[in-house]
Amino acid sequence: MDFTLFDPTIPAQPESINYAPRPKRLNNLNVALVENTKYNSKTILLKLFEQLEARYQVKLAGIFRKESAGHPIAAADIEACVKTADIAIAGIGD
């Protein structure tokens, strides 16, 4: 039985991505951190937040933890981010 797993001769279909608008400045923004459960994810996010806090006087709106790296953030956490944060930073680890 023959079958093709991947055909590199097929042209890729371009996708358009609608990115969220970026703030013009970071000063005094409320920042949500989204931690994905990978090793060091929370540590890296908190270190980044410390730097942003010192440089731009940002405030921590909350830390939200995903069920796992392969899962999306919970709907309730998205709602909380929208209500409390100006921006969100998603972290990875490893």
# chains A, B, ... in the order shown; residues from 1 in each chain; ligands from 1

$ select_by_dssp --residues "chain A" --states "alpha helix (DSSP H)" --output "PyMOL selection string"
chain A and resi 41-56+75-84

$ residues_around --residues "A:Leu33" --least-positions-apart "6" --cutoff "10 Å" --atoms "only C-alpha atoms" --output "PDB file with N, CA and C atoms, in the first residue's frame"
ATOM      1  N   LYS A  42       6.830  30.458  34.852  1.00  0.00           N
ATOM      2  CA  LYS A  42       6.429  31.489  35.815  1.00  0.00           C
ATOM      3  C   LYS A  42       7.639  32.314  36.257  1.00  0.00           C
ATOM      4  N   LEU A  45       8.453  34.776  33.469  1.00  0.00           N
ATOM      5  CA  LEU A  45       7.437  35.834  33.414  1.00  0.00           C
ATOM      6  C   LEU A  45       7.604  36.832  34.554  1.00  0.00           C
ATOM      7  N   LEU A  46       7.854  36.337  35.762  1.00  0.00           N
ATOM      8  CA  LEU A  46       8.004  37.243  36.908  1.00  0.00           C
ATOM      9  C   LEU A  46       9.262  38.100  36.787  1.00  0.00           C
ATOM     10  N   LEU A  48      10.608  39.063  33.948  1.00  0.00           N
ATOM     11  CA  LEU A  48      10.248  40.050  32.928  1.00  0.00           C
ATOM     12  C   LEU A  48       9.368  41.135  33.530  1.00  0.00           C
ATOM     13  N   PHE A  49       8.384  40.723  34.328  1.00  0.00           N
ATOM     14  CA  PHE A  49       7.503  41.708  34.959  1.00  0.00           C
ATOM     15  C   PHE A  49       8.296  42.656  35.860  1.00  0.00           C
ATOM     16  N   LEU A  60       0.673  44.706  38.168  1.00  0.00           N
ATOM     17  CA  LEU A  60       0.306  43.321  37.893  1.00  0.00           C
ATOM     18  C   LEU A  60      -1.206  43.159  38.007  1.00  0.00           C
ATOM     19  N   ALA A  61      -1.848  42.835  36.895  1.00  0.00           N
ATOM     20  CA  ALA A  61      -3.297  42.630  36.874  1.00  0.00           C
ATOM     21  C   ALA A  61      -3.659  41.219  37.307  1.00  0.00           C
ATOM     22  N   GLY A  62      -2.742  40.284  37.202  1.00  0.00           N
ATOM     23  CA  GLY A  62      -2.989  38.911  37.617  1.00  0.00           C
ATOM     24  C   GLY A  62      -2.066  37.947  36.910  1.00  0.00           C
ATOM     25  N   ILE A  63      -1.951  36.766  37.510  1.00  0.00           N
ATOM     26  CA  ILE A  63      -1.199  35.679  36.894  1.00  0.00           C
ATOM     27  C   ILE A  63      -2.192  34.569  36.617  1.00  0.00           C
ATOM     28  N   PHE A  64      -2.284  34.164  35.387  1.00  0.00           N
ATOM     29  CA  PHE A  64      -3.245  33.147  34.972  1.00  0.00           C
ATOM     30  C   PHE A  64      -2.470  31.919  34.512  1.00  0.00           C
ATOM     31  N   ARG A  65      -2.915  30.759  34.956  1.00  0.00           N
ATOM     32  CA  ARG A  65      -2.195  29.511  34.674  1.00  0.00           C
ATOM     33  C   ARG A  65      -3.035  28.632  33.756  1.00  0.00           C
ATOM     34  N   CYS A  81      -8.794  38.699  32.210  1.00  0.00           N
ATOM     35  CA  CYS A  81      -7.728  39.482  31.569  1.00  0.00           C
ATOM     36  C   CYS A  81      -8.312  40.710  30.883  1.00  0.00           C
ATOM     37  N   ALA A  85      -6.728  43.861  32.610  1.00  0.00           N
ATOM     38  CA  ALA A  85      -5.406  44.116  32.036  1.00  0.00           C
ATOM     39  C   ALA A  85      -5.475  44.941  30.757  1.00  0.00           C
ATOM     40  N   ILE A  87      -2.603  44.813  28.784  1.00  0.00           N
ATOM     41  CA  ILE A  87      -1.870  43.883  27.916  1.00  0.00           C
ATOM     42  C   ILE A  87      -1.688  42.562  28.662  1.00  0.00           C
ATOM     43  N   ALA A  88      -1.434  41.504  27.902  1.00  0.00           N
ATOM     44  CA  ALA A  88      -1.122  40.203  28.476  1.00  0.00           C
ATOM     45  C   ALA A  88       0.170  39.704  27.857  1.00  0.00           C
ATOM     46  N   ILE A  89       0.960  39.044  28.698  1.00  0.00           N
ATOM     47  CA  ILE A  89       2.199  38.442  28.233  1.00  0.00           C
ATOM     48  C   ILE A  89       2.110  36.954  28.515  1.00  0.00           C
ATOM     49  N   ALA A  90       2.217  36.166  27.454  1.00  0.00           N
ATOM     50  CA  ALA A  90       2.182  34.715  27.592  1.00  0.00           C
ATOM     51  C   ALA A  90       3.603  34.197  27.681  1.00  0.00           C
ATOM     52  N   GLY A  91       3.841  33.303  28.619  1.00  0.00           N
ATOM     53  CA  GLY A  91       5.180  32.812  28.835  1.00  0.00           C
ATOM     54  C   GLY A  91       5.355  31.368  28.433  1.00  0.00           C
TER      55      GLY A  91
END

$ residues_around --residues "A:Tyr56" --least-positions-apart "6" --cutoff "12 Å" --atoms "only C-alpha atoms" --output "PyMOL selection string"
chain A and resi 25-31+48-50

$ write_last_selection --atoms "all heavy atoms" --output "short mmCIF file (atom, residue, chain, number, x, y, z; two decimals), in the first residue's frame"
data_model
loop_
_atom_site.label_atom_id
_atom_site.label_comp_id
_atom_site.auth_asym_id
_atom_site.auth_seq_id
_atom_site.Cartn_x
_atom_site.Cartn_y
_atom_site.Cartn_z
N ARG A 25 2.66 53.03 24.32
CA ARG A 25 3.60 53.15 25.43
C ARG A 25 3.25 52.08 26.48
O ARG A 25 2.14 51.58 26.50
CB ARG A 25 3.55 54.53 26.06
CG ARG A 25 2.17 54.86 26.59
CD ARG A 25 2.09 56.18 27.31
NE ARG A 25 0.76 56.42 27.82
CZ ARG A 25 0.19 55.76 28.82
NH1 ARG A 25 0.82 54.80 29.44
NH2 ARG A 25 -1.04 56.04 29.21
N LEU A 26 4.20 51.77 27.34
CA LEU A 26 3.98 50.78 28.39
C LEU A 26 3.75 51.41 29.76
O LEU A 26 3.29 50.74 30.67
CB LEU A 26 5.17 49.82 28.46
CG LEU A 26 5.41 48.95 27.23
CD1 LEU A 26 6.67 48.11 27.41
CD2 LEU A 26 4.22 48.06 26.96
N ASN A 27 4.05 52.69 29.89
CA ASN A 27 3.97 53.35 31.19
C ASN A 27 2.61 53.17 31.85
O ASN A 27 1.57 53.42 31.25
CB ASN A 27 4.26 54.84 31.03
CG ASN A 27 5.62 55.08 30.46
OD1 ASN A 27 5.83 54.87 29.27
ND2 ASN A 27 6.55 55.50 31.29
N ASN A 28 2.65 52.70 33.10
CA ASN A 28 1.49 52.58 33.98
C ASN A 28 0.39 51.64 33.47
O ASN A 28 -0.75 51.76 33.89
CB ASN A 28 0.90 53.96 34.27
CG ASN A 28 1.92 54.87 34.90
OD1 ASN A 28 2.54 54.51 35.90
ND2 ASN A 28 2.14 56.03 34.30
N LEU A 29 0.72 50.70 32.60
CA LEU A 29 -0.28 49.75 32.13
C LEU A 29 -0.47 48.62 33.14
O LEU A 29 0.41 48.32 33.95
CB LEU A 29 0.14 49.14 30.79
CG LEU A 29 0.21 50.07 29.59
CD1 LEU A 29 0.61 49.29 28.34
CD2 LEU A 29 -1.12 50.77 29.37
N ASN A 30 -1.64 48.01 33.11
CA ASN A 30 -1.93 46.82 33.90
C ASN A 30 -1.58 45.60 33.05
O ASN A 30 -2.09 45.46 31.94
CB ASN A 30 -3.40 46.78 34.30
CG ASN A 30 -3.75 47.92 35.22
OD1 ASN A 30 -3.10 48.12 36.23
ND2 ASN A 30 -4.77 48.68 34.87
N VAL A 31 -0.72 44.73 33.60
CA VAL A 31 -0.19 43.61 32.83
C VAL A 31 -0.68 42.28 33.42
O VAL A 31 -0.54 42.05 34.62
CB VAL A 31 1.35 43.62 32.84
CG1 VAL A 31 1.92 42.42 32.12
CG2 VAL A 31 1.88 44.92 32.26
N LEU A 48 10.61 39.06 33.95
CA LEU A 48 10.25 40.05 32.93
C LEU A 48 9.37 41.14 33.53
O LEU A 48 9.59 42.33 33.31
CB LEU A 48 9.54 39.38 31.76
CG LEU A 48 8.99 40.31 30.68
CD1 LEU A 48 10.11 41.13 30.04
CD2 LEU A 48 8.24 39.51 29.63
N PHE A 49 8.38 40.72 34.33
CA PHE A 49 7.50 41.71 34.96
C PHE A 49 8.30 42.66 35.86
O PHE A 49 8.05 43.87 35.85
CB PHE A 49 6.38 41.03 35.76
CG PHE A 49 5.52 42.04 36.45
CD1 PHE A 49 4.55 42.73 35.75
CD2 PHE A 49 5.71 42.34 37.78
CE1 PHE A 49 3.78 43.71 36.37
CE2 PHE A 49 4.95 43.30 38.42
CZ PHE A 49 3.98 43.99 37.71
N GLU A 50 9.23 42.13 36.63
CA GLU A 50 10.06 42.99 37.51
C GLU A 50 10.77 44.07 36.70
O GLU A 50 10.84 45.22 37.13
CB GLU A 50 11.09 42.15 38.26
CG GLU A 50 10.51 41.30 39.36
CD GLU A 50 11.56 40.38 39.98
OE1 GLU A 50 12.77 40.51 39.67
OE2 GLU A 50 11.16 39.52 40.78
#

$ select_by_dssp --residues "chain A" --states "strand (DSSP E or B)" --output "PyMOL selection string"
chain A and resi 30-35+59-65+87-90

$ write_last_selection --atoms "N, CA, C and O atoms" --output "PDB file, in the first residue's frame"
ATOM      1  N   ASN A  30      -1.641  48.009  33.110  1.00  0.00           N
ATOM      2  CA  ASN A  30      -1.928  46.818  33.904  1.00  0.00           C
ATOM      3  C   ASN A  30      -1.582  45.603  33.048  1.00  0.00           C
ATOM      4  O   ASN A  30      -2.090  45.460  31.941  1.00  0.00           O
ATOM      5  N   VAL A  31      -0.720  44.733  33.597  1.00  0.00           N
ATOM      6  CA  VAL A  31      -0.191  43.606  32.832  1.00  0.00           C
ATOM      7  C   VAL A  31      -0.680  42.284  33.425  1.00  0.00           C
ATOM      8  O   VAL A  31      -0.539  42.046  34.623  1.00  0.00           O
ATOM      9  N   ALA A  32      -1.254  41.440  32.568  1.00  0.00           N
ATOM     10  CA  ALA A  32      -1.612  40.076  32.962  1.00  0.00           C
ATOM     11  C   ALA A  32      -0.517  39.141  32.463  1.00  0.00           C
ATOM     12  O   ALA A  32      -0.004  39.310  31.360  1.00  0.00           O
ATOM     13  N   LEU A  33      -0.170  38.170  33.286  1.00  0.00           N
ATOM     14  CA  LEU A  33       0.814  37.172  32.902  1.00  0.00           C
ATOM     15  C   LEU A  33       0.092  35.842  32.714  1.00  0.00           C
ATOM     16  O   LEU A  33      -0.700  35.441  33.565  1.00  0.00           O
ATOM     17  N   VAL A  34       0.358  35.179  31.599  1.00  0.00           N
ATOM     18  CA  VAL A  34      -0.261  33.888  31.310  1.00  0.00           C
ATOM     19  C   VAL A  34       0.836  32.834  31.336  1.00  0.00           C
ATOM     20  O   VAL A  34       1.707  32.798  30.467  1.00  0.00           O
ATOM     21  N   GLU A  35       0.781  31.997  32.340  1.00  0.00           N
ATOM     22  CA  GLU A  35       1.808  30.990  32.587  1.00  0.00           C
ATOM     23  C   GLU A  35       1.328  29.661  32.016  1.00  0.00           C
ATOM     24  O   GLU A  35       0.186  29.268  32.224  1.00  0.00           O
ATOM     25  N   LYS A  59       1.644  47.689  36.484  1.00  0.00           N
ATOM     26  CA  LYS A  59       1.002  47.038  37.634  1.00  0.00           C
ATOM     27  C   LYS A  59       0.619  45.617  37.225  1.00  0.00           C
ATOM     28  O   LYS A  59       0.240  45.376  36.081  1.00  0.00           O
ATOM     29  N   LEU A  60       0.673  44.706  38.168  1.00  0.00           N
ATOM     30  CA  LEU A  60       0.306  43.321  37.893  1.00  0.00           C
ATOM     31  C   LEU A  60      -1.206  43.159  38.007  1.00  0.00           C
ATOM     32  O   LEU A  60      -1.787  43.335  39.071  1.00  0.00           O
ATOM     33  N   ALA A  61      -1.848  42.835  36.895  1.00  0.00           N
ATOM     34  CA  ALA A  61      -3.297  42.630  36.874  1.00  0.00           C
ATOM     35  C   ALA A  61      -3.659  41.219  37.307  1.00  0.00           C
ATOM     36  O   ALA A  61      -4.785  40.970  37.732  1.00  0.00           O
ATOM     37  N   GLY A  62      -2.742  40.284  37.202  1.00  0.00           N
ATOM     38  CA  GLY A  62      -2.989  38.911  37.617  1.00  0.00           C
ATOM     39  C   GLY A  62      -2.066  37.947  36.910  1.00  0.00           C
ATOM     40  O   GLY A  62      -1.477  38.266  35.885  1.00  0.00           O
ATOM     41  N   ILE A  63      -1.951  36.766  37.510  1.00  0.00           N
ATOM     42  CA  ILE A  63      -1.199  35.679  36.894  1.00  0.00           C
ATOM     43  C   ILE A  63      -2.192  34.569  36.617  1.00  0.00           C
ATOM     44  O   ILE A  63      -2.891  34.103  37.528  1.00  0.00           O
ATOM     45  N   PHE A  64      -2.284  34.164  35.387  1.00  0.00           N
ATOM     46  CA  PHE A  64      -3.245  33.147  34.972  1.00  0.00           C
ATOM     47  C   PHE A  64      -2.470  31.919  34.512  1.00  0.00           C
ATOM     48  O   PHE A  64      -1.495  32.035  33.780  1.00  0.00           O
ATOM     49  N   ARG A  65      -2.915  30.759  34.956  1.00  0.00           N
ATOM     50  CA  ARG A  65      -2.195  29.511  34.674  1.00  0.00           C
ATOM     51  C   ARG A  65      -3.035  28.632  33.756  1.00  0.00           C
ATOM     52  O   ARG A  65      -4.178  28.308  34.060  1.00  0.00           O
ATOM     53  N   ILE A  87      -2.603  44.813  28.784  1.00  0.00           N
ATOM     54  CA  ILE A  87      -1.870  43.883  27.916  1.00  0.00           C
ATOM     55  C   ILE A  87      -1.688  42.562  28.662  1.00  0.00           C
ATOM     56  O   ILE A  87      -1.766  42.510  29.887  1.00  0.00           O
ATOM     57  N   ALA A  88      -1.434  41.504  27.902  1.00  0.00           N
ATOM     58  CA  ALA A  88      -1.122  40.203  28.476  1.00  0.00           C
ATOM     59  C   ALA A  88       0.170  39.704  27.857  1.00  0.00           C
ATOM     60  O   ALA A  88       0.440  39.913  26.679  1.00  0.00           O
ATOM     61  N   ILE A  89       0.960  39.044  28.698  1.00  0.00           N
ATOM     62  CA  ILE A  89       2.199  38.442  28.233  1.00  0.00           C
ATOM     63  C   ILE A  89       2.110  36.954  28.515  1.00  0.00           C
ATOM     64  O   ILE A  89       1.916  36.528  29.646  1.00  0.00           O
ATOM     65  N   ALA A  90       2.217  36.166  27.454  1.00  0.00           N
ATOM     66  CA  ALA A  90       2.182  34.715  27.592  1.00  0.00           C
ATOM     67  C   ALA A  90       3.603  34.197  27.681  1.00  0.00           C
ATOM     68  O   ALA A  90       4.475  34.615  26.921  1.00  0.00           O
TER      69      ALA A  90
END

$ atom_distance --atom1 "atom CA of A:His71" --atom2 "atom CA of A:Asn36"
8.4 Å

$ atom_distance --atom1 "atom CA of A:Glu67" --atom2 "atom CA of A:Asp86"
23.0 Å

$ closest_residue --among "A:Thr37, A:Ser16, A:Thr9, A:Gln51" --to "A:Pro72" --atoms "only C-alpha atoms"
A:Thr37

$ atom_distance --atom1 "atom CA of A:Asn40" --atom2 "atom CA of A:Gly70"
16.1 Å
